[in-house]
Amino acid sequence: MTESSVNKTENGEVCHRTKNSVKPGRNGYVKNHHQYHQQQLKYGYPEEKVQHTTSNGVYTFNESFEETPMLVAVLTYMGYGILTIFGYLRDFMRTWKIERCQSSREREQQKDFVPLYQDFENFYTRNLYMRIRDSLNRPVCSVPGAKFHLLERVSHDYNWTFHYTGRVMKDVINLGSYNYLGFAENTGACPAAAADVTMTYGVGVGSTRQEMGNLDKHEEMEKLVATFLGVESAMTFGMGFATNSMNIPALMGKGCLILSDELNHASLVLGARLSGSTIRVYKHNNMQSLEKLLRDAIVYGQPRTHRPWKKILIMVEGIYSMEGSIVRLPEVIALKKRYRAYLYLDEAHSIGALGPGGRGVVDYFGLDPQDVDVMMGTFTKSFGAAGGYIGGKRELIEFLRTHSHSAIYAASMSPPVAEQIITSMKCIMGDDGTTIGRDRLRQLACNTSYFRRRLRKMGFIIYGNNDSPVVPMMLYMPAKIGAFGREMLKRNIGVVVVGFPATPIIESRARFCISASHTKDMLDTALSVISEVGDLLQLKYSRKRKQSFDETTLEEDD
């Protein structure tokens with residue numbers, strides 16, 4: 001493929017697909033064009049550039065996961081080791097009542113009962129989580145848009161309890177909410193439509209869909225979702241987490257095999273466990289690992305009996321919310337077709353945030369939605385609402401309507417929430433007669449590229465795909481998790497910090513979520529503050545050549 005066959009931006013990144021006459025092979029792979037190019041760059045910065053050729057064109061797939069520096073890894077382990085030693089020392093002091101224990105404990109009269117609280121299991125909560133608790137669960141008192149207001153709180157007992165001061169921290173730049181397209185707002189067409197529906201239908205339904213809770217708004221919403229996804233039928237649910245955890249058990253059972261990515265969301269993991277199926281985990285986004293499990297499943301069958309599996313289901317996510325990586329969907333679909341498995345795609349973070357039309361990772365790669373057996377997603381991110389959906393063939397949806405616990409027993413979605421979804425989805429599709437949706441999709445892509453590129457130039461280690469609006473920035477050391485969150489809030493920037501056990505023990509991070517509602521001035525302010533705090537806490541770990549970050553560089557980049 002020559003350089004002239006793709007469109008490039010000014011910085012050389014491929015951002016558009018091109019048409020060609022290449023046709024996929026029978027097994028789903030493209031002959032002589034499906035190649036992996038993994039480069040080890042000069043400064044120890046591995047960046048994988050993979051060319052995907054589909055029937056719709058050629059895509060460049062850029063992801064980077066810089067290796068943890070050895071010294072940082074050693075110091076991180078030492079930090080957790082010191083915290084653990086002091087934790088056991090404090091537990092010893094609590095046992096002998098030298099220090100007051102404020103965690104949940106069993107009553108003396110119940111010591112012979114089955115324990116409700118395992119002391120060792122609560123060790124992390126008592127001695128590590130409490131140190132950074134002030135950086136988490138902060139109370140928001142406004143719309144979680146590009147800027148929001150926070151209630152100020154203080155703790156006088158080392159984060160065991162909090163007291164509100166009565167003051168409000170106003171206009172904090174929000175880099176933590178999943179407001180990808182900026183529809184979490186209190187002005188505009190969506191809030192106005194939701195308010196009108198509230199006056200007509202009320203807020204609650206008071207019944208399940210199968211009884212008296214099936215409104216015409218629900219029917220309209222499901223038809224619109226099916227059209228948006230390009231599938232035969234769709235079904236919606238009032239809770240995104242339950243969409244996975246309650247529907248997977250309806251689809252899978254004993255004698256079935258689930259192949260799950262090691263970084264799948266907890267809702268997928270819970271649903272797989274509740275199904276009673278055999279679960280096997282493959283390495284994150286590693287197609288060789290997945291293919292080996294598929295091959296072994298076909299060759300050896302079920303344990304002991306060696307009978308064929310009733311069903312084999314591959315479970316993946318569109319965008320992995322902690323890594324910022326995008327699933328290698330063309331390869332997954334090719335393997336699914338080759339070994340005749342089923343594919344369950346969770347697009348909670350990718351729907352509305354990826355693709356030319358905002359239709360998720362399937363749209364991003366230009367693939368056929370019919371190649372995905374179960375398309376799942378949520379309305380809590382890009383649509384500024386709540387709930388989730390499942391789309392696919394009509395037979396699948398009709399089966400779930402009568403077998404899904406989430407459909408049979410859960411209350412119907414609130415009418416104003418359904419109207420928020422309808423209005424925002426029409427806006428994305430352009431059915432509202434405006435270009436607001438298209439403009440926001442373009443703005444999100446520009447903001448994401450700009451923010452990621454700037455952080456890398458400043459010397460931070462950034463994980464994930466170049467097109468992912470989820471931007472993890474590595475902190476590593478446990479003491480820097482809380483420090484980063486506090487220092488950022490002092491400078492009026494709200495961020496999310498994440499540590500073990502949500503991440504590997506040496507890979508604590510700050511997770512930024514970019515929104516179309518962020519202006520360039522907001523991003524520049526946030527980047528300047530991040531650079532300042534990064535210098536203060538010595539977070540610029542990247543071994544790539546660090547480039548200066550000043551106003552001249554900003555103007556040149558524009």
# chains A, B, ... in the order shown; residues from 1 in each chain; ligands from 1
>>> residues_around(residues="A:Pro416", least_positions_apart="2", cutoff="10 Å", atoms="only C-alpha atoms", output="PyMOL selection string")
chain A and resi 190-204+217+385+413-414+418-422
>>> closest_residue(among="A:Glu63, A:His163, A:Ala411, A:Leu444", to="A:Asn285", atoms="only C-alpha atoms")
A:Glu63
>>> select_by_dssp(residues="stretch 310-539 of chain A", states="alpha helix (DSSP H)", output="ChimeraX atom specification")
/A:329-339,361-365,394-403,405-408,415-429,436-458,478-490,520-537
>>> closest_residue(among="A:Lys337, A:Gly437, A:Ile530, A:Thr519", to="A:Arg491", atoms="only C-alpha atoms")
A:Ile530
>>> atom_distance(atom1="atom CA of A:Leu455", atom2="atom CA of A:Ile514")
12.9 Å
>>> residues_around(residues="A:Arg442", least_positions_apart="4", cutoff="9 Å", atoms="only C-alpha atoms", output="JSON, numbers by chain")
{"A": [356, 437, 438, 446, 447, 516]}
>>> closest_atom_pairs(of="stretch 381-454 of chain A", to="stretch 465-473 of chain A", cutoff="7 Å", atoms="only C-alpha atoms", output="Markdown table")
| residue | atom | partner | partner_atom | distance |
| --- | --- | --- | --- | --- |
| A:Ala445 | CA | A:Asp467 | CA | 6.8 |
| A:Thr448 | CA | A:Pro469 | CA | 5.4 |
| A:Ser449 | CA | A:Asn466 | CA | 6.5 |
>>> atom_distance(atom1="atom CA of A:Ala510", atom2="atom CA of A:Tyr282")
25.6 Å
>>> residues_around(residues="stretch 380-383 of chain A", least_positions_apart="2", cutoff="8 Å", atoms="only C-alpha atoms", output="list in words")
Tyr178, Asn179, Tyr180, Leu181, Gly182, Phe183, Ala184, Gly240, Ala348, His349, Ile351, Gly352, Ala353, Thr378, Ala385, Ala386, Gly387, Gly388, Gln420, Ile421, Ser424 and Met425 of chain A
>>> decode(residues="stretch 344-374 of chain A", atoms="N, CA, C and O atoms", output="PDB file, in the first residue's frame")
ATOM      1  N   TYR A 344     -20.155 -12.078  21.389  1.00  0.00           N
ATOM      2  CA  TYR A 344     -20.874 -11.138  22.249  1.00  0.00           C
ATOM      3  C   TYR A 344     -20.017  -9.894  22.376  1.00  0.00           C
ATOM      4  O   TYR A 344     -18.926  -9.936  22.942  1.00  0.00           O
ATOM      5  N   LEU A 345     -20.510  -8.766  21.848  1.00  0.00           N
ATOM      6  CA  LEU A 345     -19.744  -7.520  21.821  1.00  0.00           C
ATOM      7  C   LEU A 345     -20.371  -6.504  22.761  1.00  0.00           C
ATOM      8  O   LEU A 345     -21.516  -6.093  22.577  1.00  0.00           O
ATOM      9  N   ASP A 346     -19.623  -6.078  23.764  1.00  0.00           N
ATOM     10  CA  ASP A 346     -20.060  -5.069  24.723  1.00  0.00           C
ATOM     11  C   ASP A 346     -19.526  -3.714  24.266  1.00  0.00           C
ATOM     12  O   ASP A 346     -18.327  -3.449  24.328  1.00  0.00           O
ATOM     13  N   GLU A 347     -20.440  -2.841  23.811  1.00  0.00           N
ATOM     14  CA  GLU A 347     -20.036  -1.527  23.306  1.00  0.00           C
ATOM     15  C   GLU A 347     -20.415  -0.408  24.276  1.00  0.00           C
ATOM     16  O   GLU A 347     -20.815   0.679  23.845  1.00  0.00           O
ATOM     17  N   ALA A 348     -20.276  -0.669  25.561  1.00  0.00           N
ATOM     18  CA  ALA A 348     -20.650   0.329  26.558  1.00  0.00           C
ATOM     19  C   ALA A 348     -19.913   1.649  26.338  1.00  0.00           C
ATOM     20  O   ALA A 348     -20.515   2.726  26.386  1.00  0.00           O
ATOM     21  N   HIS A 349     -18.612   1.591  26.080  1.00  0.00           N
ATOM     22  CA  HIS A 349     -17.816   2.812  25.925  1.00  0.00           C
ATOM     23  C   HIS A 349     -17.604   3.199  24.466  1.00  0.00           C
ATOM     24  O   HIS A 349     -17.217   4.344  24.198  1.00  0.00           O
ATOM     25  N   SER A 350     -17.831   2.296  23.535  1.00  0.00           N
ATOM     26  CA  SER A 350     -17.539   2.605  22.137  1.00  0.00           C
ATOM     27  C   SER A 350     -18.748   3.111  21.364  1.00  0.00           C
ATOM     28  O   SER A 350     -18.590   3.849  20.386  1.00  0.00           O
ATOM     29  N   ILE A 351     -19.968   2.743  21.779  1.00  0.00           N
ATOM     30  CA  ILE A 351     -21.135   3.202  21.037  1.00  0.00           C
ATOM     31  C   ILE A 351     -21.281   4.716  21.211  1.00  0.00           C
ATOM     32  O   ILE A 351     -21.230   5.258  22.309  1.00  0.00           O
ATOM     33  N   GLY A 352     -21.401   5.409  20.112  1.00  0.00           N
ATOM     34  CA  GLY A 352     -21.474   6.857  20.142  1.00  0.00           C
ATOM     35  C   GLY A 352     -20.133   7.553  20.164  1.00  0.00           C
ATOM     36  O   GLY A 352     -20.049   8.744  19.860  1.00  0.00           O
ATOM     37  N   ALA A 353     -19.078   6.826  20.517  1.00  0.00           N
ATOM     38  CA  ALA A 353     -17.752   7.444  20.653  1.00  0.00           C
ATOM     39  C   ALA A 353     -16.798   7.066  19.534  1.00  0.00           C
ATOM     40  O   ALA A 353     -15.763   7.709  19.374  1.00  0.00           O
ATOM     41  N   LEU A 354     -17.122   6.037  18.754  1.00  0.00           N
ATOM     42  CA  LEU A 354     -16.250   5.583  17.672  1.00  0.00           C
ATOM     43  C   LEU A 354     -17.043   5.481  16.380  1.00  0.00           C
ATOM     44  O   LEU A 354     -18.267   5.292  16.391  1.00  0.00           O
ATOM     45  N   GLY A 355     -16.326   5.547  15.292  1.00  0.00           N
ATOM     46  CA  GLY A 355     -16.942   5.367  13.990  1.00  0.00           C
ATOM     47  C   GLY A 355     -17.385   6.672  13.360  1.00  0.00           C
ATOM     48  O   GLY A 355     -17.735   7.627  14.056  1.00  0.00           O
ATOM     49  N   PRO A 356     -17.410   6.732  12.023  1.00  0.00           N
ATOM     50  CA  PRO A 356     -17.836   7.962  11.336  1.00  0.00           C
ATOM     51  C   PRO A 356     -19.254   8.380  11.688  1.00  0.00           C
ATOM     52  O   PRO A 356     -19.556   9.570  11.758  1.00  0.00           O
ATOM     53  N   GLY A 357     -20.133   7.404  11.932  1.00  0.00           N
ATOM     54  CA  GLY A 357     -21.511   7.711  12.295  1.00  0.00           C
ATOM     55  C   GLY A 357     -21.810   7.523  13.756  1.00  0.00           C
ATOM     56  O   GLY A 357     -22.988   7.551  14.150  1.00  0.00           O
ATOM     57  N   GLY A 358     -20.782   7.284  14.580  1.00  0.00           N
ATOM     58  CA  GLY A 358     -20.985   7.086  16.004  1.00  0.00           C
ATOM     59  C   GLY A 358     -21.624   5.769  16.357  1.00  0.00           C
ATOM     60  O   GLY A 358     -22.150   5.614  17.467  1.00  0.00           O
ATOM     61  N   ARG A 359     -21.562   4.794  15.460  1.00  0.00           N
ATOM     62  CA  ARG A 359     -22.220   3.505  15.689  1.00  0.00           C
ATOM     63  C   ARG A 359     -21.295   2.476  16.327  1.00  0.00           C
ATOM     64  O   ARG A 359     -21.557   1.282  16.260  1.00  0.00           O
ATOM     65  N   GLY A 360     -20.206   2.918  16.895  1.00  0.00           N
ATOM     66  CA  GLY A 360     -19.355   2.035  17.673  1.00  0.00           C
ATOM     67  C   GLY A 360     -18.232   1.405  16.890  1.00  0.00           C
ATOM     68  O   GLY A 360     -17.886   1.828  15.776  1.00  0.00           O
ATOM     69  N   VAL A 361     -17.683   0.364  17.484  1.00  0.00           N
ATOM     70  CA  VAL A 361     -16.479  -0.243  16.924  1.00  0.00           C
ATOM     71  C   VAL A 361     -16.761  -0.959  15.601  1.00  0.00           C
ATOM     72  O   VAL A 361     -15.879  -1.082  14.748  1.00  0.00           O
ATOM     73  N   VAL A 362     -17.987  -1.456  15.398  1.00  0.00           N
ATOM     74  CA  VAL A 362     -18.342  -2.063  14.116  1.00  0.00           C
ATOM     75  C   VAL A 362     -18.274  -1.012  13.013  1.00  0.00           C
ATOM     76  O   VAL A 362     -17.734  -1.259  11.923  1.00  0.00           O
ATOM     77  N   ASP A 363     -18.793   0.153  13.285  1.00  0.00           N
ATOM     78  CA  ASP A 363     -18.723   1.266  12.337  1.00  0.00           C
ATOM     79  C   ASP A 363     -17.292   1.750  12.163  1.00  0.00           C
ATOM     80  O   ASP A 363     -16.883   2.144  11.068  1.00  0.00           O
ATOM     81  N   TYR A 364     -16.521   1.725  13.236  1.00  0.00           N
ATOM     82  CA  TYR A 364     -15.123   2.174  13.210  1.00  0.00           C
ATOM     83  C   TYR A 364     -14.301   1.361  12.213  1.00  0.00           C
ATOM     84  O   TYR A 364     -13.466   1.902  11.476  1.00  0.00           O
ATOM     85  N   PHE A 365     -14.521   0.039  12.184  1.00  0.00           N
ATOM     86  CA  PHE A 365     -13.788  -0.831  11.261  1.00  0.00           C
ATOM     87  C   PHE A 365     -14.510  -1.032   9.932  1.00  0.00           C
ATOM     88  O   PHE A 365     -13.987  -1.698   9.046  1.00  0.00           O
ATOM     89  N   GLY A 366     -15.720  -0.483   9.799  1.00  0.00           N
ATOM     90  CA  GLY A 366     -16.457  -0.655   8.553  1.00  0.00           C
ATOM     91  C   GLY A 366     -16.919  -2.074   8.327  1.00  0.00           C
ATOM     92  O   GLY A 366     -16.948  -2.560   7.191  1.00  0.00           O
ATOM     93  N   LEU A 367     -17.315  -2.764   9.404  1.00  0.00           N
ATOM     94  CA  LEU A 367     -17.721  -4.159   9.316  1.00  0.00           C
ATOM     95  C   LEU A 367     -19.238  -4.276   9.226  1.00  0.00           C
ATOM     96  O   LEU A 367     -19.985  -3.311   9.419  1.00  0.00           O
ATOM     97  N   ASP A 368     -19.689  -5.476   8.949  1.00  0.00           N
ATOM     98  CA  ASP A 368     -21.119  -5.753   8.834  1.00  0.00           C
ATOM     99  C   ASP A 368     -21.674  -6.097  10.218  1.00  0.00           C
ATOM    100  O   ASP A 368     -21.185  -7.031  10.863  1.00  0.00           O
ATOM    101  N   PRO A 369     -22.698  -5.378  10.701  1.00  0.00           N
ATOM    102  CA  PRO A 369     -23.265  -5.704  12.022  1.00  0.00           C
ATOM    103  C   PRO A 369     -23.808  -7.118  12.119  1.00  0.00           C
ATOM    104  O   PRO A 369     -23.895  -7.674  13.219  1.00  0.00           O
ATOM    105  N   GLN A 370     -24.145  -7.709  10.981  1.00  0.00           N
ATOM    106  CA  GLN A 370     -24.670  -9.073  11.011  1.00  0.00           C
ATOM    107  C   GLN A 370     -23.612 -10.094  11.423  1.00  0.00           C
ATOM    108  O   GLN A 370     -23.955 -11.226  11.781  1.00  0.00           O
ATOM    109  N   ASP A 371     -22.348  -9.700  11.375  1.00  0.00           N
ATOM    110  CA  ASP A 371     -21.274 -10.618  11.786  1.00  0.00           C
ATOM    111  C   ASP A 371     -21.142 -10.719  13.296  1.00  0.00           C
ATOM    112  O   ASP A 371     -20.405 -11.567  13.795  1.00  0.00           O
ATOM    113  N   VAL A 372     -21.811  -9.824  14.025  1.00  0.00           N
ATOM    114  CA  VAL A 372     -21.794  -9.859  15.491  1.00  0.00           C
ATOM    115  C   VAL A 372     -23.125 -10.445  15.953  1.00  0.00           C
ATOM    116  O   VAL A 372     -24.186  -9.906  15.658  1.00  0.00           O
ATOM    117  N   ASP A 373     -23.069 -11.552  16.677  1.00  0.00           N
ATOM    118  CA  ASP A 373     -24.296 -12.254  17.061  1.00  0.00           C
ATOM    119  C   ASP A 373     -25.087 -11.496  18.117  1.00  0.00           C
ATOM    120  O   ASP A 373     -26.309 -11.413  18.038  1.00  0.00           O
ATOM    121  N   VAL A 374     -24.389 -10.967  19.121  1.00  0.00           N
ATOM    122  CA  VAL A 374     -25.061 -10.228  20.201  1.00  0.00           C
ATOM    123  C   VAL A 374     -24.346  -8.893  20.348  1.00  0.00           C
ATOM    124  O   VAL A 374     -23.180  -8.839  20.726  1.00  0.00           O
TER     125      VAL A 374
END
